[in-house]
Amino acid sequence: MTFTIRAEPLERLARDIFAAAGTPDDIAAVVAESLVKTNLLGHDSHGVLRVKQYISMIRKGMIKPAERPGLRKRFGATAMVTLSYGFGQIGARFAAELAIEICREHGIAAVSLGQTTHVGRLGEFTAMIAAKGLIGIGFAGGGFSHGFVAPYGGRERVFSTNPLSFAVPCGDDETLLLDFATSGVAHGKVLLAQSKGAPLPQGMMLDRLGRPTTEATDLDAGGVLLPMGLHKGSGLSMMMEIIPNLLAGDRPMSSPEFHYGNPTLLLALLPAAFDEATDFAAHVEALKARVKAVKPAQGFDQVLVPGEPEARSYAERAQNGIPLPERVWEDLHGLANELGVNVPTVDS
């Protein structure tokens, strides 16, 4: 069964649950807004599905809900932000805003975010940068935490899902956004499949014995996710494990300073700092139009550009509501009852 709920009451429910668990009101509002917007965009794997996980992490001391980001170091066009294991969305927004500020001064910026928990949808923060007319690039690692992904040719867990994102300004104040995990399927997509009782696509996972599987629950039984693009995705994942982690000051598991986390590196570039004569957004819009004009191959109705499925999902869900699997709604309902939070009405 699927339950449908409007964005506004869903956001209020998530905010109130976080607040009841000890999160300051302003932080609870930002995290709830981030999760629900992600649902609106169709990425349910990084939406309110995460509320139960975050509450569990608060109770275990893995998320310190009242912590706020601070500047650890500033050097030229670079900066290090530390979060002391608060909500990752709060730290990533701070880092993106700082990258915008530095980029306007220097034409380029690189800001790392360390001591952070799960940052949510990485593309949210590169899109923030692109919305200011800049190029936004983001890398997120797994803190050397032995995630769920095996290297190409292997059957043991080494990497996290290690996403990367690119966002560029486009015509009419729009943004062209690319955001994906370096694993064949993000861990959140596995959680979503588990909540629906649905299988995963072929070629995404191995079970604990190294055999191909589509059963999402096999991951919890010792299975592994596979990298996207065979050896190429495996190599990308390794770089995503190295660069954001070490530049954020996070330490490998062998270090006594190690903490689990989601260290992130955000880059911002000012197009005019490279070529003032080029109308960057107009050229992006022209390429987008050229791609859209390509005749579709057999089996396709049209060619899509990055961000187009998300825009369609947002328009449909903003009007008709957000569908939630029964298990996700039951988790939210249970947390609300446990914490004394009012539960909104939903359609089933």
# chains A, B, ... in the order shown; residues from 1 in each chain; ligands from 1
>>> closest_atom_pairs(of="segment 242-328 of chain A", to="segment 154-170 of chain A", cutoff="12 Å", atoms="only C-alpha atoms", output="tab-separated table")
residue	atom	partner	partner_atom	distance
A:Ile242	CA	A:Asn162	CA	10.0
A:Ile243	CA	A:Asn162	CA	10.7
A:Pro244	CA	A:Asn162	CA	9.6
A:Asn245	CA	A:Asn162	CA	10.4
A:Met253	CA	A:Val158	CA	11.5
A:Tyr260	CA	A:Ser160	CA	11.1
A:Gly261	CA	A:Ser160	CA	10.4
A:Asn262	CA	A:Asn162	CA	8.7
A:Pro263	CA	A:Asn162	CA	9.8
A:Thr264	CA	A:Leu164	CA	9.6
A:Leu265	CA	A:Leu164	CA	9.6
A:Leu266	CA	A:Ser165	CA	9.3
A:Leu267	CA	A:Phe166	CA	9.5
A:Ala268	CA	A:Ala167	CA	9.7
A:Leu269	CA	A:Val168	CA	9.7
A:Leu270	CA	A:Val168	CA	10.4
A:Pro271	CA	A:Pro169	CA	9.8
A:Asp279	CA	A:Cys170	CA	10.1
A:Phe280	CA	A:Pro169	CA	7.6
A:Ala281	CA	A:Cys170	CA	4.4
A:Ala282	CA	A:Cys170	CA	6.5
A:His283	CA	A:Cys170	CA	8.0
A:Val284	CA	A:Cys170	CA	5.5
A:Glu285	CA	A:Cys170	CA	5.3
A:Ala286	CA	A:Cys170	CA	9.0
A:Leu287	CA	A:Cys170	CA	9.8
A:Lys288	CA	A:Cys170	CA	8.6
A:Ala289	CA	A:Cys170	CA	10.9
A:Pro306	CA	A:Ala167	CA	9.6
A:Gly307	CA	A:Ala167	CA	9.8
>>> write_last_selection(atoms="N, CA, C and O atoms", output="short mmCIF file (atom, residue, chain, number, x, y, z; two decimals), in the first residue's frame")
data_model
loop_
_atom_site.label_atom_id
_atom_site.label_comp_id
_atom_site.auth_asym_id
_atom_site.auth_seq_id
_atom_site.Cartn_x
_atom_site.Cartn_y
_atom_site.Cartn_z
N ILE A 242 39.12 9.18 -1.45
CA ILE A 242 40.36 9.84 -1.04
C ILE A 242 40.20 11.35 -0.90
O ILE A 242 40.49 11.93 0.15
N ILE A 243 39.75 12.01 -1.97
CA ILE A 243 39.85 13.47 -2.04
C ILE A 243 39.02 14.19 -0.99
O ILE A 243 39.58 14.96 -0.19
N PRO A 244 37.69 14.01 -0.92
CA PRO A 244 36.95 14.76 0.09
C PRO A 244 37.31 14.37 1.52
O PRO A 244 37.34 15.22 2.42
N ASN A 245 37.61 13.09 1.74
CA ASN A 245 37.92 12.65 3.10
C ASN A 245 39.17 13.33 3.64
O ASN A 245 39.16 13.91 4.73
N MET A 253 40.18 4.60 9.19
CA MET A 253 39.70 3.79 10.29
C MET A 253 40.82 3.33 11.22
O MET A 253 40.60 3.08 12.40
N TYR A 260 32.87 7.84 11.93
CA TYR A 260 32.07 7.62 10.74
C TYR A 260 31.51 8.96 10.28
O TYR A 260 31.16 9.81 11.10
N GLY A 261 31.39 9.16 8.98
CA GLY A 261 30.87 10.42 8.49
C GLY A 261 30.73 10.45 6.98
O GLY A 261 30.89 9.43 6.31
N ASN A 262 30.44 11.62 6.46
CA ASN A 262 30.17 11.83 5.04
C ASN A 262 30.91 13.08 4.57
O ASN A 262 30.30 14.04 4.11
N PRO A 263 32.26 13.11 4.70
CA PRO A 263 33.03 14.32 4.36
C PRO A 263 32.78 14.73 2.91
O PRO A 263 32.63 13.88 2.03
N THR A 264 32.78 16.03 2.70
CA THR A 264 32.36 16.59 1.41
C THR A 264 33.32 17.69 0.98
O THR A 264 33.83 18.44 1.82
N LEU A 265 33.52 17.80 -0.32
CA LEU A 265 34.30 18.89 -0.90
C LEU A 265 33.43 19.59 -1.94
O LEU A 265 32.91 18.95 -2.86
N LEU A 266 33.24 20.91 -1.78
CA LEU A 266 32.47 21.71 -2.73
C LEU A 266 33.40 22.69 -3.43
O LEU A 266 34.18 23.40 -2.79
N LEU A 267 33.28 22.73 -4.75
CA LEU A 267 34.05 23.67 -5.56
C LEU A 267 33.09 24.66 -6.23
O LEU A 267 31.98 24.28 -6.62
N ALA A 268 33.53 25.90 -6.38
CA ALA A 268 32.76 26.90 -7.10
C ALA A 268 33.70 27.63 -8.06
O ALA A 268 34.83 27.96 -7.69
N LEU A 269 33.23 27.85 -9.28
CA LEU A 269 34.02 28.58 -10.28
C LEU A 269 33.17 29.68 -10.89
O LEU A 269 31.99 29.47 -11.20
N LEU A 270 33.76 30.85 -11.06
CA LEU A 270 33.10 31.99 -11.68
C LEU A 270 33.43 32.00 -13.18
O LEU A 270 34.59 32.23 -13.54
N PRO A 271 32.47 31.72 -14.07
CA PRO A 271 32.79 31.65 -15.50
C PRO A 271 33.48 32.89 -16.03
O PRO A 271 34.42 32.80 -16.83
N ASP A 279 29.07 34.20 -22.84
CA ASP A 279 27.82 34.11 -22.08
C ASP A 279 27.63 32.64 -21.73
O ASP A 279 27.04 31.87 -22.48
N PHE A 280 28.15 32.25 -20.58
CA PHE A 280 28.21 30.84 -20.19
C PHE A 280 26.83 30.20 -20.20
O PHE A 280 26.62 29.14 -20.82
N ALA A 281 25.87 30.81 -19.52
CA ALA A 281 24.54 30.22 -19.40
C ALA A 281 23.87 30.08 -20.76
O ALA A 281 23.16 29.09 -21.01
N ALA A 282 24.09 31.04 -21.65
CA ALA A 282 23.47 30.96 -22.98
C ALA A 282 24.04 29.79 -23.78
O ALA A 282 23.30 29.10 -24.51
N HIS A 283 25.32 29.55 -23.66
CA HIS A 283 25.93 28.42 -24.37
C HIS A 283 25.44 27.09 -23.79
O HIS A 283 25.24 26.12 -24.53
N VAL A 284 25.27 27.04 -22.48
CA VAL A 284 24.72 25.83 -21.87
C VAL A 284 23.30 25.57 -22.38
O VAL A 284 22.94 24.44 -22.73
N GLU A 285 22.50 26.62 -22.44
CA GLU A 285 21.13 26.50 -22.94
C GLU A 285 21.11 26.02 -24.39
O GLU A 285 20.28 25.21 -24.78
N ALA A 286 22.05 26.52 -25.21
CA ALA A 286 22.12 26.11 -26.61
C ALA A 286 22.46 24.63 -26.74
O ALA A 286 21.87 23.91 -27.56
N LEU A 287 23.40 24.15 -25.92
CA LEU A 287 23.74 22.72 -25.95
C LEU A 287 22.57 21.88 -25.47
O LEU A 287 22.28 20.82 -26.05
N LYS A 288 21.89 22.35 -24.44
CA LYS A 288 20.72 21.63 -23.93
C LYS A 288 19.66 21.49 -25.03
O LYS A 288 19.09 20.42 -25.23
N ALA A 289 19.41 22.59 -25.77
CA ALA A 289 18.43 22.55 -26.85
C ALA A 289 18.86 21.60 -27.95
O ALA A 289 18.03 20.88 -28.54
N PRO A 306 20.04 16.00 -17.96
CA PRO A 306 20.11 15.91 -16.50
C PRO A 306 19.16 16.89 -15.82
O PRO A 306 19.07 18.06 -16.20
N GLY A 307 18.44 16.41 -14.82
CA GLY A 307 17.52 17.24 -14.06
C GLY A 307 16.09 17.24 -14.58
O GLY A 307 15.17 17.66 -13.87
#
>>> residues_around(residues="segment 74-77 of chain A", least_positions_apart="3", cutoff="12 Å", atoms="only C-alpha atoms", output="count of residues only")
24
>>> atom_distance(atom1="atom CA of Met204 of chain A", atom2="atom CA of Val185 of chain A")
6.3 Å
>>> residues_around(residues="Ser313 of chain A", least_positions_apart="4", cutoff="8 Å", atoms="only C-alpha atoms", output="VMD selection string")
chain A and resid 40 to 42 309 317
>>> select_by_dssp(residues="segment 110-226 of chain A", states="alpha helix (DSSP H)", output="CSV table (one decimal) with C-alpha atoms, in the first residue's frame")
chain,number,residue,atom,x,y,z
A,123,GLY,CA,23.1,18.0,-5.7
A,124,GLU,CA,21.1,20.3,-3.4
A,125,PHE,CA,24.4,22.1,-2.6
A,126,THR,CA,25.9,22.3,-6.0
A,127,ALA,CA,22.6,23.7,-7.3
A,128,MET,CA,22.8,26.4,-4.6
A,129,ILE,CA,26.2,27.4,-6.1
A,130,ALA,CA,24.9,27.3,-9.7
A,187,HIS,CA,22.4,2.7,-0.7
A,188,GLY,CA,19.2,4.8,-0.2
A,189,LYS,CA,17.7,3.1,-3.3
A,190,VAL,CA,18.3,-0.3,-1.6
A,191,LEU,CA,16.6,1.0,1.5
A,192,LEU,CA,13.7,2.2,-0.6
A,193,ALA,CA,13.4,-1.2,-2.4
A,194,GLN,CA,13.4,-2.9,1.0
A,195,SER,CA,10.6,-0.6,2.2
A,196,LYS,CA,8.6,-1.6,-0.9
>>> residues_around(residues="segment 85-87 of chain A", least_positions_apart="2", cutoff="10 Å", atoms="only C-alpha atoms", output="short mmCIF file (atom, residue, chain, number, x, y, z; two decimals) with N, CA and C atoms, in the first residue's frame")
data_model
loop_
_atom_site.label_atom_id
_atom_site.label_comp_id
_atom_site.auth_asym_id
_atom_site.auth_seq_id
_atom_site.Cartn_x
_atom_site.Cartn_y
_atom_site.Cartn_z
N THR A 23 16.35 18.62 18.57
CA THR A 23 16.94 19.47 17.55
C THR A 23 16.41 20.89 17.66
N ILE A 27 17.23 24.40 12.96
CA ILE A 27 17.93 23.28 12.32
C ILE A 27 16.92 22.24 11.88
N ALA A 28 15.94 21.94 12.72
CA ALA A 28 14.91 20.96 12.37
C ALA A 28 14.18 21.39 11.10
N VAL A 30 15.33 23.27 8.59
CA VAL A 30 16.20 23.15 7.41
C VAL A 30 16.31 21.69 6.98
N VAL A 31 16.51 20.78 7.93
CA VAL A 31 16.65 19.37 7.59
C VAL A 31 15.35 18.82 7.01
N TYR A 54 17.91 9.01 10.99
CA TYR A 54 18.50 10.15 11.70
C TYR A 54 18.14 10.14 13.18
N ILE A 58 20.70 10.02 16.29
CA ILE A 58 20.69 10.95 17.42
C ILE A 58 20.73 10.18 18.73
N GLY A 61 24.07 8.87 19.62
CA GLY A 61 25.12 9.87 19.73
C GLY A 61 25.91 10.09 18.46
N MET A 62 25.46 9.51 17.35
CA MET A 62 26.17 9.66 16.08
C MET A 62 25.85 10.99 15.41
N ILE A 63 24.67 11.52 15.63
CA ILE A 63 24.31 12.87 15.22
C ILE A 63 24.10 13.69 16.48
N LYS A 64 24.79 14.84 16.54
CA LYS A 64 24.61 15.77 17.65
C LYS A 64 23.72 16.90 17.13
N PRO A 65 22.42 16.83 17.40
CA PRO A 65 21.45 17.65 16.66
C PRO A 65 21.57 19.16 16.86
N ALA A 66 22.21 19.60 17.92
CA ALA A 66 22.30 21.04 18.18
C ALA A 66 23.60 21.65 17.65
N GLU A 67 24.52 20.83 17.13
CA GLU A 67 25.80 21.36 16.66
C GLU A 67 25.63 22.17 15.37
N ARG A 68 26.46 23.21 15.27
CA ARG A 68 26.43 24.10 14.10
C ARG A 68 27.82 24.17 13.47
N PRO A 69 27.89 24.43 12.17
CA PRO A 69 29.20 24.45 11.50
C PRO A 69 30.03 25.66 11.89
N THR A 82 34.14 22.67 9.77
CA THR A 82 33.94 21.52 10.65
C THR A 82 32.55 21.59 11.26
N LEU A 83 31.92 20.44 11.48
CA LEU A 83 30.53 20.41 11.90
C LEU A 83 30.33 19.76 13.27
N GLN A 89 23.16 18.30 6.44
CA GLN A 89 22.54 19.32 5.58
C GLN A 89 22.89 20.73 6.06
N ILE A 90 22.98 20.92 7.37
CA ILE A 90 23.33 22.23 7.92
C ILE A 90 24.76 22.60 7.55
N GLY A 91 25.66 21.64 7.70
CA GLY A 91 27.06 21.89 7.36
C GLY A 91 27.27 22.12 5.88
N ALA A 92 26.58 21.35 5.04
CA ALA A 92 26.77 21.47 3.59
C ALA A 92 26.22 22.80 3.08
N GLY A 114 34.20 18.71 7.10
CA GLY A 114 34.61 17.55 7.89
C GLY A 114 33.77 17.38 9.14
N GLN A 115 33.97 16.27 9.82
CA GLN A 115 33.21 15.92 11.02
C GLN A 115 31.71 16.09 10.76
N THR A 116 31.29 15.54 9.64
CA THR A 116 29.89 15.66 9.25
C THR A 116 29.22 14.30 9.21
N THR A 117 27.92 14.30 9.38
CA THR A 117 27.14 13.09 9.18
C THR A 117 26.58 13.11 7.76
N HIS A 118 25.58 12.30 7.48
CA HIS A 118 24.99 12.20 6.14
C HIS A 118 24.52 13.56 5.65
N VAL A 119 25.00 13.99 4.48
CA VAL A 119 24.64 15.32 3.98
C VAL A 119 23.35 15.32 3.16
N GLY A 120 22.78 14.14 2.90
CA GLY A 120 21.56 14.09 2.09
C GLY A 120 21.88 14.09 0.61
N HIS A 259 36.15 8.82 12.89
CA HIS A 259 34.72 8.83 13.17
C HIS A 259 34.00 8.54 11.85
N TYR A 260 32.87 7.84 11.93
CA TYR A 260 32.07 7.62 10.74
C TYR A 260 31.51 8.96 10.28
N GLY A 261 31.39 9.16 8.98
CA GLY A 261 30.87 10.42 8.49
C GLY A 261 30.73 10.45 6.98
N ASN A 262 30.44 11.62 6.46
CA ASN A 262 30.17 11.83 5.04
C ASN A 262 30.91 13.08 4.57
#
>>> atom_distance(atom1="atom CA of Ser183 of chain A", atom2="atom CA of Met228 of chain A")
4.8 Å
